[in-house]
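*Asks:* Please see the structure below; I have some questions.
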Amino acid sequence: MRIDPAGPRFARSTTRLKETLKDAVIDSGRAASEVAAAFKVSWWLVNTVVLAAAAALPSVDLLEPTRLGIDEHRYRSVRWLQDQLSKKWTRYEPWMSTIVDVDTGQVLGIVDGRDSRGVGAWLKAGPTTWLCCIETVGIDPSAAFREALRENLPDAAVSVDHFHMVLLANDMLTQVRQRVSREQNGRRGLKTDKAWAHRQLLLRGYDTLLRRRQETPR
């Protein structure tokens, strides 16, 4: 009897299927529930595959990354907590900051909050030889992250991701359009104004415009 290496004995899922599920989650960044529905398998199978892949990753202490990425995430909705003594309600936003290796995408650390203290403490806890290898760090336009890097990685180059740079440019363009419209018309823009009607056209990327728009922009 010939045993198919893609389907080990007594296994309910083939090795090829598990590799496909892992790539769909890790490489494509899709949710486990979405992948499970697309491949018509259980969520538990996808979760097991992802956990096994995470366990096979090399230890963070053995890595020597040269490029880091830092970003903030809110892992649940906003909560309101009441103090039992004062009965005062406090808004709680469960934020966390994730540090990853840009070259491999591996998560190196997760700290509570999105201020400079958490990221700074994580960087300060790393060995000096490890920190000296870091050449660049990618962040969003966060003053807190910039402060943590200035204190702990003063020699590393800091870059801002493309998405937030375009977002800031679009916001500035919108503010200028609104200001000019108020100055010319003495009021805010109306739907009958061409500047308001075509406001989204100003924010479109050049490569997404029609050819006639590229050749004769208005």
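The chains in the structure tokens are called A, B, ... from first to last as shown; in each chain the residues are counted from 1, and the ligands are counted from 1 in the order shown.
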Which neighbours of Trp95 in chain A fall inside 7 Å, counting only C-alpha atoms, when residues of the same chain fewer than 5 positions from it are skipped, and could you give them as a count of residues only?
*Replies:* 7
*Asks:* I want to know what sits within 9 Å of Asp71 in chain A, based on only C-alpha atoms, with residues of the same chain fewer than 6 positions away left out; could you give that as a PyMOL selection string?
*Replies:* chain A and resi 96-100+114+138-140+145
*Asks:* Please dump the current selection as a JSON list (two decimals), in the first residue's frame; keep C-alpha atoms.
*Replies:*
```
[["chain", "number", "residue", "atom", "x", "y", "z"],
["A", 96, "MET", "CA", -2.07, 48.00, 22.39],
["A", 97, "SER", "CA", 1.10, 48.63, 20.38],
["A", 98, "THR", "CA", 2.69, 45.92, 18.27],
["A", 99, "ILE", "CA", 6.34, 45.77, 17.24],
["A", 100, "VAL", "CA", 7.13, 43.62, 14.19],
["A", 114, "ARG", "CA", -0.18, 53.44, 22.67],
["A", 138, "GLY", "CA", 8.39, 52.51, 10.35],
["A", 139, "ILE", "CA", 5.61, 54.23, 12.33],
["A", 140, "ASP", "CA", 2.48, 56.27, 11.78],
["A", 145, "PHE", "CA", 6.28, 56.57, 19.16]]
```
*Asks:* Considering only C-alpha atoms, return as JSON, numbers by chain whatever protein or nucleic-acid residues lie within 9 Å of Val137 in chain A, sequence-local ones (same chain, fewer than 4 positions apart) excluded.
*Replies:* {"A": [66, 67, 68, 69, 70, 102, 149, 156, 157, 158, 159, 160]}
*Asks:* Let's have the selection written as an mmCIF file, in the first residue's frame, with C-alpha atoms.
*Replies:*
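Writing done, so here's out.cif:
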```cif
data_model
loop_
_atom_site.group_PDB
_atom_site.id
_atom_site.type_symbol
_atom_site.label_atom_id
_atom_site.label_comp_id
_atom_site.auth_asym_id
_atom_site.auth_seq_id
_atom_site.Cartn_x
_atom_site.Cartn_y
_atom_site.Cartn_z
ATOM 1 C CA THR A 66 17.384 45.602 11.094
ATOM 2 C CA ARG A 67 13.996 47.164 10.331
ATOM 3 C CA LEU A 68 11.128 47.479 12.799
ATOM 4 C CA GLY A 69 7.512 48.455 12.370
ATOM 5 C CA ILE A 70 5.398 49.873 15.212
ATOM 6 C CA VAL A 102 9.443 44.412 8.740
ATOM 7 C CA LEU A 149 12.511 56.091 19.412
ATOM 8 C CA ALA A 156 17.829 54.736 13.722
ATOM 9 C CA ALA A 157 16.119 56.368 10.744
ATOM 10 C CA VAL A 158 12.378 56.887 11.189
ATOM 11 C CA SER A 159 9.955 56.546 8.283
ATOM 12 C CA VAL A 160 6.213 57.208 8.112
#
```
*Asks:* Using only C-alpha atoms, find the one residue out of A:Glu93, A:Asp103, A:Glu135, A:Glu151 that sits nearest to Gly120 in chain A.
*Replies:*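 Using only C-alpha atoms, the shortest distance to Gly120 in chain A belongs to A:Glu151.
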*Asks:* With DSSP run on the backbone, what are the helix (DSSP H, G or I) residues within range 8-200 of chain A? I'd like them as an mmCIF file with N, CA, C and O atoms, in the first residue's frame.
*Replies:*
```
data_model
loop_
_atom_site.group_PDB
_atom_site.id
_atom_site.type_symbol
_atom_site.label_atom_id
_atom_site.label_comp_id
_atom_site.auth_asym_id
_atom_site.auth_seq_id
_atom_site.Cartn_x
_atom_site.Cartn_y
_atom_site.Cartn_z
ATOM 1 N N THR A 15 -1.750 17.714 4.218
ATOM 2 C CA THR A 15 -0.707 18.708 4.489
ATOM 3 C C THR A 15 -0.840 19.897 3.541
ATOM 4 O O THR A 15 -0.616 21.049 3.933
ATOM 5 N N ARG A 16 -1.219 19.612 2.298
ATOM 6 C CA ARG A 16 -1.372 20.687 1.314
ATOM 7 C C ARG A 16 -2.487 21.640 1.715
ATOM 8 O O ARG A 16 -2.361 22.849 1.561
ATOM 9 N N LEU A 17 -3.593 21.094 2.254
ATOM 10 C CA LEU A 17 -4.683 21.949 2.700
ATOM 11 C C LEU A 17 -4.243 22.839 3.858
ATOM 12 O O LEU A 17 -4.537 24.043 3.890
ATOM 13 N N LYS A 18 -3.516 22.276 4.798
ATOM 14 C CA LYS A 18 -3.056 23.051 5.944
ATOM 15 C C LYS A 18 -2.099 24.166 5.518
ATOM 16 O O LYS A 18 -2.156 25.275 6.054
ATOM 17 N N GLU A 19 -1.227 23.859 4.561
ATOM 18 C CA GLU A 19 -0.306 24.890 4.072
ATOM 19 C C GLU A 19 -1.077 26.005 3.373
ATOM 20 O O GLU A 19 -0.747 27.185 3.500
ATOM 21 N N THR A 20 -2.111 25.636 2.640
ATOM 22 C CA THR A 20 -2.928 26.637 1.950
ATOM 23 C C THR A 20 -3.666 27.516 2.942
ATOM 24 O O THR A 20 -3.752 28.740 2.773
ATOM 25 N N LEU A 21 -4.203 26.909 3.995
ATOM 26 C CA LEU A 21 -4.906 27.676 5.023
ATOM 27 C C LEU A 21 -3.942 28.619 5.743
ATOM 28 O O LEU A 21 -4.274 29.777 6.030
ATOM 29 N N LYS A 22 -2.746 28.140 6.038
ATOM 30 C CA LYS A 22 -1.755 28.980 6.719
ATOM 31 C C LYS A 22 -1.377 30.177 5.863
ATOM 32 O O LYS A 22 -1.305 31.314 6.352
ATOM 33 N N ASP A 23 -1.143 29.940 4.566
ATOM 34 C CA ASP A 23 -0.771 31.042 3.674
ATOM 35 C C ASP A 23 -1.917 32.041 3.532
ATOM 36 O O ASP A 23 -1.680 33.252 3.431
ATOM 37 N N ALA A 24 -3.152 31.537 3.539
ATOM 38 C CA ALA A 24 -4.301 32.430 3.385
ATOM 39 C C ALA A 24 -4.440 33.375 4.565
ATOM 40 O O ALA A 24 -4.867 34.524 4.412
ATOM 41 N N VAL A 25 -4.070 32.913 5.757
ATOM 42 C CA VAL A 25 -4.190 33.754 6.953
ATOM 43 C C VAL A 25 -2.956 34.626 7.142
ATOM 44 O O VAL A 25 -3.057 35.841 7.321
ATOM 45 N N ILE A 26 -1.782 34.014 7.096
ATOM 46 C CA ILE A 26 -0.552 34.732 7.433
ATOM 47 C C ILE A 26 -0.098 35.631 6.299
ATOM 48 O O ILE A 26 0.189 36.817 6.501
ATOM 49 N N ALA A 32 -9.335 34.370 10.333
ATOM 50 C CA ALA A 32 -9.493 32.915 10.358
ATOM 51 C C ALA A 32 -10.909 32.506 9.982
ATOM 52 O O ALA A 32 -11.116 31.513 9.275
ATOM 53 N N SER A 33 -11.905 33.263 10.447
ATOM 54 C CA SER A 33 -13.294 32.939 10.115
ATOM 55 C C SER A 33 -13.561 33.083 8.623
ATOM 56 O O SER A 33 -14.292 32.285 8.024
ATOM 57 N N GLU A 34 -12.961 34.098 7.998
ATOM 58 C CA GLU A 34 -13.137 34.299 6.554
ATOM 59 C C GLU A 34 -12.513 33.164 5.755
ATOM 60 O O GLU A 34 -13.093 32.664 4.788
ATOM 61 N N VAL A 35 -11.313 32.737 6.157
ATOM 62 C CA VAL A 35 -10.636 31.638 5.473
ATOM 63 C C VAL A 35 -11.418 30.345 5.649
ATOM 64 O O VAL A 35 -11.565 29.552 4.710
ATOM 65 N N ALA A 36 -11.929 30.118 6.852
ATOM 66 C CA ALA A 36 -12.703 28.900 7.099
ATOM 67 C C ALA A 36 -13.949 28.844 6.215
ATOM 68 O O ALA A 36 -14.281 27.790 5.662
ATOM 69 N N ALA A 37 -14.625 29.966 6.074
ATOM 70 C CA ALA A 37 -15.828 30.001 5.227
ATOM 71 C C ALA A 37 -15.472 29.821 3.764
ATOM 72 O O ALA A 37 -16.201 29.151 3.012
ATOM 73 N N ALA A 38 -14.344 30.401 3.317
ATOM 74 C CA ALA A 38 -13.962 30.308 1.911
ATOM 75 C C ALA A 38 -13.590 28.881 1.518
ATOM 76 O O ALA A 38 -13.918 28.425 0.418
ATOM 77 N N PHE A 39 -12.913 28.160 2.410
ATOM 78 C CA PHE A 39 -12.472 26.799 2.105
ATOM 79 C C PHE A 39 -13.428 25.732 2.635
ATOM 80 O O PHE A 39 -13.150 24.540 2.514
ATOM 81 N N TRP A 43 -13.576 26.590 11.756
ATOM 82 C CA TRP A 43 -12.699 27.623 12.299
ATOM 83 C C TRP A 43 -11.619 27.008 13.159
ATOM 84 O O TRP A 43 -10.491 27.506 13.196
ATOM 85 N N TRP A 44 -11.925 25.912 13.826
ATOM 86 C CA TRP A 44 -10.956 25.258 14.713
ATOM 87 C C TRP A 44 -9.765 24.726 13.929
ATOM 88 O O TRP A 44 -8.625 24.761 14.404
ATOM 89 N N LEU A 45 -10.009 24.235 12.718
ATOM 90 C CA LEU A 45 -8.907 23.739 11.896
ATOM 91 C C LEU A 45 -7.980 24.884 11.500
ATOM 92 O O LEU A 45 -6.750 24.770 11.606
ATOM 93 N N VAL A 46 -8.550 25.994 11.070
ATOM 94 C CA VAL A 46 -7.733 27.147 10.684
ATOM 95 C C VAL A 46 -6.948 27.671 11.881
ATOM 96 O O VAL A 46 -5.754 27.982 11.780
ATOM 97 N N ASN A 47 -7.606 27.744 13.026
ATOM 98 C CA ASN A 47 -6.934 28.240 14.230
ATOM 99 C C ASN A 47 -5.794 27.322 14.639
ATOM 100 O O ASN A 47 -4.711 27.780 15.040
ATOM 101 N N THR A 48 -5.999 26.014 14.543
ATOM 102 C CA THR A 48 -4.953 25.055 14.889
ATOM 103 C C THR A 48 -3.751 25.200 13.969
ATOM 104 O O THR A 48 -2.590 25.140 14.411
ATOM 105 N N VAL A 49 -4.004 25.416 12.675
ATOM 106 C CA VAL A 49 -2.921 25.583 11.711
ATOM 107 C C VAL A 49 -2.119 26.842 12.011
ATOM 108 O O VAL A 49 -0.883 26.832 11.980
ATOM 109 N N VAL A 50 -2.819 27.925 12.330
ATOM 110 C CA VAL A 50 -2.139 29.187 12.613
ATOM 111 C C VAL A 50 -1.318 29.085 13.895
ATOM 112 O O VAL A 50 -0.183 29.569 13.974
ATOM 113 N N LEU A 51 -1.873 28.462 14.930
ATOM 114 C CA LEU A 51 -1.136 28.297 16.185
ATOM 115 C C LEU A 51 0.110 27.446 15.991
ATOM 116 O O LEU A 51 1.170 27.726 16.566
ATOM 117 N N ALA A 52 0.003 26.395 15.171
ATOM 118 C CA ALA A 52 1.163 25.548 14.901
ATOM 119 C C ALA A 52 2.244 26.323 14.153
ATOM 120 O O ALA A 52 3.438 26.165 14.417
ATOM 121 N N ALA A 53 1.821 27.198 13.233
ATOM 122 C CA ALA A 53 2.791 28.005 12.497
ATOM 123 C C ALA A 53 3.471 29.014 13.417
ATOM 124 O O ALA A 53 4.667 29.277 13.292
ATOM 125 N N ALA A 54 2.695 29.574 14.351
ATOM 126 C CA ALA A 54 3.276 30.533 15.300
ATOM 127 C C ALA A 54 4.280 29.854 16.232
ATOM 128 O O ALA A 54 5.324 30.426 16.578
ATOM 129 N N ALA A 55 3.977 28.616 16.644
ATOM 130 C CA ALA A 55 4.879 27.888 17.533
ATOM 131 C C ALA A 55 6.183 27.516 16.839
ATOM 132 O O ALA A 55 7.215 27.335 17.495
ATOM 133 N N VAL A 60 12.210 35.106 19.502
ATOM 134 C CA VAL A 60 12.500 36.525 19.293
ATOM 135 C C VAL A 60 13.892 36.875 19.785
ATOM 136 O O VAL A 60 14.593 37.718 19.205
ATOM 137 N N ASP A 61 14.337 36.242 20.861
ATOM 138 C CA ASP A 61 15.645 36.545 21.439
ATOM 139 C C ASP A 61 16.800 36.158 20.512
ATOM 140 O O ASP A 61 17.917 36.656 20.672
ATOM 141 N N LEU A 62 16.524 35.276 19.547
ATOM 142 C CA LEU A 62 17.573 34.832 18.639
ATOM 143 C C LEU A 62 17.610 35.646 17.354
ATOM 144 O O LEU A 62 18.520 35.465 16.540
ATOM 145 N N SER A 116 4.328 56.526 24.745
ATOM 146 C CA SER A 116 5.764 56.282 24.648
ATOM 147 C C SER A 116 6.286 55.379 25.753
ATOM 148 O O SER A 116 7.347 54.763 25.611
ATOM 149 N N ARG A 117 5.568 55.273 26.852
ATOM 150 C CA ARG A 117 6.073 54.492 27.985
ATOM 151 C C ARG A 117 6.158 53.010 27.665
ATOM 152 O O ARG A 117 7.176 52.360 27.955
ATOM 153 N N GLY A 118 5.090 52.455 27.081
ATOM 154 C CA GLY A 118 5.094 51.025 26.798
ATOM 155 C C GLY A 118 6.137 50.645 25.769
ATOM 156 O O GLY A 118 6.929 49.707 25.965
ATOM 157 N N VAL A 119 6.163 51.365 24.644
ATOM 158 C CA VAL A 119 7.137 51.068 23.591
ATOM 159 C C VAL A 119 8.553 51.354 24.083
ATOM 160 O O VAL A 119 9.488 50.598 23.821
ATOM 161 N N GLY A 120 8.723 52.458 24.831
ATOM 162 C CA GLY A 120 10.042 52.794 25.344
ATOM 163 C C GLY A 120 10.566 51.747 26.309
ATOM 164 O O GLY A 120 11.751 51.388 26.263
ATOM 165 N N ALA A 121 9.701 51.249 27.187
ATOM 166 C CA ALA A 121 10.122 50.218 28.136
ATOM 167 C C ALA A 121 10.501 48.934 27.419
ATOM 168 O O ALA A 121 11.454 48.241 27.815
ATOM 169 N N TRP A 122 9.762 48.598 26.351
ATOM 170 C CA TRP A 122 10.074 47.377 25.596
ATOM 171 C C TRP A 122 11.428 47.510 24.913
ATOM 172 O O TRP A 122 12.234 46.573 24.924
ATOM 173 N N LEU A 123 11.699 48.654 24.320
ATOM 174 C CA LEU A 123 12.986 48.862 23.664
ATOM 175 C C LEU A 123 14.128 48.895 24.680
ATOM 176 O O LEU A 123 15.203 48.342 24.441
ATOM 177 N N LYS A 124 13.889 49.525 25.811
ATOM 178 C CA LYS A 124 14.929 49.640 26.828
ATOM 179 C C LYS A 124 15.303 48.274 27.399
ATOM 180 O O LYS A 124 16.449 48.061 27.834
ATOM 181 N N ALA A 125 14.347 47.342 27.408
ATOM 182 C CA ALA A 125 14.620 46.006 27.945
ATOM 183 C C ALA A 125 15.461 45.151 27.004
ATOM 184 O O ALA A 125 16.000 44.124 27.419
ATOM 185 N N THR A 128 21.773 45.806 24.253
ATOM 186 C CA THR A 128 22.378 46.879 23.464
ATOM 187 C C THR A 128 22.822 46.387 22.090
ATOM 188 O O THR A 128 22.657 47.080 21.076
ATOM 189 N N THR A 129 23.376 45.183 22.035
ATOM 190 C CA THR A 129 23.831 44.639 20.747
ATOM 191 C C THR A 129 22.664 44.449 19.791
ATOM 192 O O THR A 129 22.811 44.605 18.580
ATOM 193 N N TRP A 130 21.511 44.121 20.324
ATOM 194 C CA TRP A 130 20.315 43.925 19.489
ATOM 195 C C TRP A 130 19.807 45.266 18.972
ATOM 196 O O TRP A 130 19.445 45.402 17.806
ATOM 197 N N LEU A 131 19.787 46.278 19.835
ATOM 198 C CA LEU A 131 19.295 47.595 19.438
ATOM 199 C C LEU A 131 20.223 48.254 18.420
ATOM 200 O O LEU A 131 19.760 49.009 17.556
ATOM 201 N N CYS A 132 21.502 47.969 18.498
ATOM 202 C CA CYS A 132 22.455 48.588 17.577
ATOM 203 C C CYS A 132 22.266 48.101 16.139
ATOM 204 O O CYS A 132 22.719 48.775 15.197
ATOM 205 N N ALA A 143 3.489 61.125 17.789
ATOM 206 C CA ALA A 143 4.499 61.807 18.595
ATOM 207 C C ALA A 143 4.992 60.909 19.728
ATOM 208 O O ALA A 143 6.163 60.988 20.131
ATOM 209 N N ALA A 144 4.097 60.040 20.240
ATOM 210 C CA ALA A 144 4.493 59.136 21.325
ATOM 211 C C ALA A 144 5.531 58.128 20.854
ATOM 212 O O ALA A 144 6.553 57.890 21.521
ATOM 213 N N PHE A 145 5.306 57.523 19.691
ATOM 214 C CA PHE A 145 6.277 56.572 19.160
ATOM 215 C C PHE A 145 7.592 57.278 18.830
ATOM 216 O O PHE A 145 8.671 56.732 19.063
ATOM 217 N N ARG A 146 7.496 58.486 18.293
ATOM 218 C CA ARG A 146 8.709 59.233 17.935
ATOM 219 C C ARG A 146 9.536 59.541 19.187
ATOM 220 O O ARG A 146 10.765 59.474 19.159
ATOM 221 N N GLU A 147 8.876 59.862 20.278
ATOM 222 C CA GLU A 147 9.590 60.135 21.522
ATOM 223 C C GLU A 147 10.303 58.894 22.035
ATOM 224 O O GLU A 147 11.455 58.960 22.489
ATOM 225 N N ALA A 148 9.623 57.734 21.975
ATOM 226 C CA ALA A 148 10.243 56.491 22.434
ATOM 227 C C ALA A 148 11.459 56.142 21.588
ATOM 228 O O ALA A 148 12.477 55.670 22.113
ATOM 229 N N LEU A 149 11.381 56.388 20.282
ATOM 230 C CA LEU A 149 12.511 56.091 19.412
ATOM 231 C C LEU A 149 13.653 57.087 19.627
ATOM 232 O O LEU A 149 14.830 56.720 19.558
ATOM 233 N N ARG A 150 13.326 58.335 19.877
ATOM 234 C CA ARG A 150 14.358 59.344 20.100
ATOM 235 C C ARG A 150 15.179 59.021 21.349
ATOM 236 O O ARG A 150 16.383 59.269 21.399
ATOM 237 N N GLU A 151 14.526 58.458 22.352
ATOM 238 C CA GLU A 151 15.218 58.156 23.599
ATOM 239 C C GLU A 151 15.994 56.840 23.538
ATOM 240 O O GLU A 151 17.052 56.715 24.162
ATOM 241 N N ASN A 152 15.466 55.861 22.812
ATOM 242 C CA ASN A 152 16.063 54.523 22.861
ATOM 243 C C ASN A 152 16.771 54.110 21.571
ATOM 244 O O ASN A 152 17.646 53.245 21.608
ATOM 245 N N HIS A 162 3.168 55.025 4.037
ATOM 246 C CA HIS A 162 2.602 55.710 2.877
ATOM 247 C C HIS A 162 1.153 56.109 3.099
ATOM 248 O O HIS A 162 0.728 57.203 2.698
ATOM 249 N N PHE A 163 0.376 55.251 3.742
ATOM 250 C CA PHE A 163 -1.054 55.524 3.932
ATOM 251 C C PHE A 163 -1.277 56.820 4.700
ATOM 252 O O PHE A 163 -2.081 57.671 4.295
ATOM 253 N N HIS A 164 -0.577 56.991 5.813
ATOM 254 C CA HIS A 164 -0.800 58.173 6.638
ATOM 255 C C HIS A 164 -0.262 59.438 5.976
ATOM 256 O O HIS A 164 -0.816 60.532 6.184
ATOM 257 N N MET A 165 0.797 59.327 5.193
ATOM 258 C CA MET A 165 1.289 60.491 4.478
ATOM 259 C C MET A 165 0.266 60.977 3.460
ATOM 260 O O MET A 165 0.002 62.180 3.338
ATOM 261 N N VAL A 166 -0.329 60.045 2.721
ATOM 262 C CA VAL A 166 -1.368 60.417 1.747
ATOM 263 C C VAL A 166 -2.593 60.971 2.463
ATOM 264 O O VAL A 166 -3.225 61.935 2.009
ATOM 265 N N LEU A 167 -2.934 60.387 3.618
ATOM 266 C CA LEU A 167 -4.081 60.872 4.384
ATOM 267 C C LEU A 167 -3.872 62.313 4.840
ATOM 268 O O LEU A 167 -4.783 63.148 4.738
ATOM 269 N N LEU A 168 -2.682 62.628 5.337
ATOM 270 C CA LEU A 168 -2.390 63.999 5.768
ATOM 271 C C LEU A 168 -2.434 64.970 4.588
ATOM 272 O O LEU A 168 -2.946 66.096 4.716
ATOM 273 N N ALA A 169 -1.912 64.540 3.442
ATOM 274 C CA ALA A 169 -1.944 65.401 2.257
ATOM 275 C C ALA A 169 -3.379 65.651 1.799
ATOM 276 O O ALA A 169 -3.747 66.783 1.444
ATOM 277 N N ASN A 170 -4.217 64.624 1.821
ATOM 278 C CA ASN A 170 -5.617 64.783 1.422
ATOM 279 C C ASN A 170 -6.366 65.693 2.387
ATOM 280 O O ASN A 170 -7.201 66.510 1.973
ATOM 281 N N ASP A 171 -6.084 65.560 3.683
ATOM 282 C CA ASP A 171 -6.737 66.432 4.663
ATOM 283 C C ASP A 171 -6.355 67.894 4.445
ATOM 284 O O ASP A 171 -7.205 68.791 4.534
ATOM 285 N N MET A 172 -5.090 68.141 4.159
ATOM 286 C CA MET A 172 -4.645 69.507 3.914
ATOM 287 C C MET A 172 -5.283 70.063 2.647
ATOM 288 O O MET A 172 -5.713 71.233 2.595
ATOM 289 N N LEU A 173 -5.378 69.231 1.603
ATOM 290 C CA LEU A 173 -6.006 69.672 0.356
ATOM 291 C C LEU A 173 -7.476 70.014 0.571
ATOM 292 O O LEU A 173 -7.986 71.011 0.032
ATOM 293 N N THR A 174 -8.155 69.227 1.384
ATOM 294 C CA THR A 174 -9.561 69.504 1.694
ATOM 295 C C THR A 174 -9.711 70.813 2.453
ATOM 296 O O THR A 174 -10.620 71.609 2.177
ATOM 297 N N GLN A 175 -8.821 71.071 3.407
ATOM 298 C CA GLN A 175 -8.879 72.319 4.160
ATOM 299 C C GLN A 175 -8.646 73.528 3.254
ATOM 300 O O GLN A 175 -9.320 74.557 3.391
ATOM 301 N N VAL A 176 -7.714 73.408 2.318
ATOM 302 C CA VAL A 176 -7.455 74.508 1.390
ATOM 303 C C VAL A 176 -8.664 74.738 0.484
ATOM 304 O O VAL A 176 -9.064 75.889 0.238
ATOM 305 N N ARG A 177 -9.252 73.667 -0.028
ATOM 306 C CA ARG A 177 -10.433 73.808 -0.879
ATOM 307 C C ARG A 177 -11.568 74.489 -0.141
ATOM 308 O O ARG A 177 -12.235 75.393 -0.688
ATOM 309 N N GLN A 178 -11.816 74.106 1.099
ATOM 310 C CA GLN A 178 -12.882 74.712 1.880
ATOM 311 C C GLN A 178 -12.605 76.178 2.166
ATOM 312 O O GLN A 178 -13.506 77.012 2.100
ATOM 313 N N ARG A 179 -11.343 76.504 2.472
ATOM 314 C CA ARG A 179 -10.995 77.897 2.765
ATOM 315 C C ARG A 179 -11.164 78.787 1.540
ATOM 316 O O ARG A 179 -11.741 79.885 1.622
ATOM 317 N N VAL A 180 -10.683 78.322 0.386
ATOM 318 C CA VAL A 180 -10.797 79.109 -0.845
ATOM 319 C C VAL A 180 -12.258 79.293 -1.231
ATOM 320 O O VAL A 180 -12.676 80.370 -1.677
ATOM 321 N N SER A 181 -13.057 78.237 -1.039
ATOM 322 C CA SER A 181 -14.481 78.338 -1.366
ATOM 323 C C SER A 181 -15.179 79.368 -0.491
ATOM 324 O O SER A 181 -16.011 80.160 -0.972
ATOM 325 N N ARG A 182 -14.839 79.414 0.797
ATOM 326 C CA ARG A 182 -15.450 80.405 1.692
ATOM 327 C C ARG A 182 -15.009 81.823 1.337
ATOM 328 O O ARG A 182 -15.792 82.773 1.416
ATOM 329 N N GLU A 183 -13.730 81.953 0.957
ATOM 330 C CA GLU A 183 -13.233 83.284 0.605
ATOM 331 C C GLU A 183 -13.873 83.812 -0.678
ATOM 332 O O GLU A 183 -14.163 85.007 -0.797
ATOM 333 N N GLN A 184 -14.097 82.942 -1.656
ATOM 334 C CA GLN A 184 -14.654 83.378 -2.933
ATOM 335 C C GLN A 184 -16.165 83.578 -2.884
ATOM 336 O O GLN A 184 -16.696 84.517 -3.496
ATOM 337 N N ASN A 185 -16.857 82.704 -2.162
ATOM 338 C CA ASN A 185 -18.318 82.745 -2.163
ATOM 339 C C ASN A 185 -18.905 83.373 -0.901
ATOM 340 O O ASN A 185 -20.106 83.638 -0.854
ATOM 341 N N LYS A 194 -19.144 73.681 -8.294
ATOM 342 C CA LYS A 194 -18.318 72.678 -8.964
ATOM 343 C C LYS A 194 -17.212 72.165 -8.042
ATOM 344 O O LYS A 194 -16.863 70.986 -8.085
ATOM 345 N N ALA A 195 -16.666 73.069 -7.230
ATOM 346 C CA ALA A 195 -15.594 72.648 -6.331
ATOM 347 C C ALA A 195 -16.084 71.593 -5.342
ATOM 348 O O ALA A 195 -15.345 70.668 -4.985
ATOM 349 N N TRP A 196 -17.335 71.719 -4.892
ATOM 350 C CA TRP A 196 -17.885 70.735 -3.962
ATOM 351 C C TRP A 196 -18.292 69.468 -4.700
ATOM 352 O O TRP A 196 -18.066 68.358 -4.221
ATOM 353 N N ALA A 197 -18.886 69.635 -5.884
ATOM 354 C CA ALA A 197 -19.361 68.467 -6.640
ATOM 355 C C ALA A 197 -18.211 67.566 -7.064
ATOM 356 O O ALA A 197 -18.368 66.340 -7.144
ATOM 357 N N ARG A 199 -15.209 67.370 -5.465
ATOM 358 C CA ARG A 199 -14.228 67.348 -4.378
ATOM 359 C C ARG A 199 -13.489 66.020 -4.297
ATOM 360 O O ARG A 199 -12.300 65.975 -3.961
ATOM 361 N N GLN A 200 -14.175 64.903 -4.608
ATOM 362 C CA GLN A 200 -13.516 63.601 -4.542
ATOM 363 C C GLN A 200 -12.504 63.430 -5.661
ATOM 364 O O GLN A 200 -11.549 62.657 -5.525
#
```
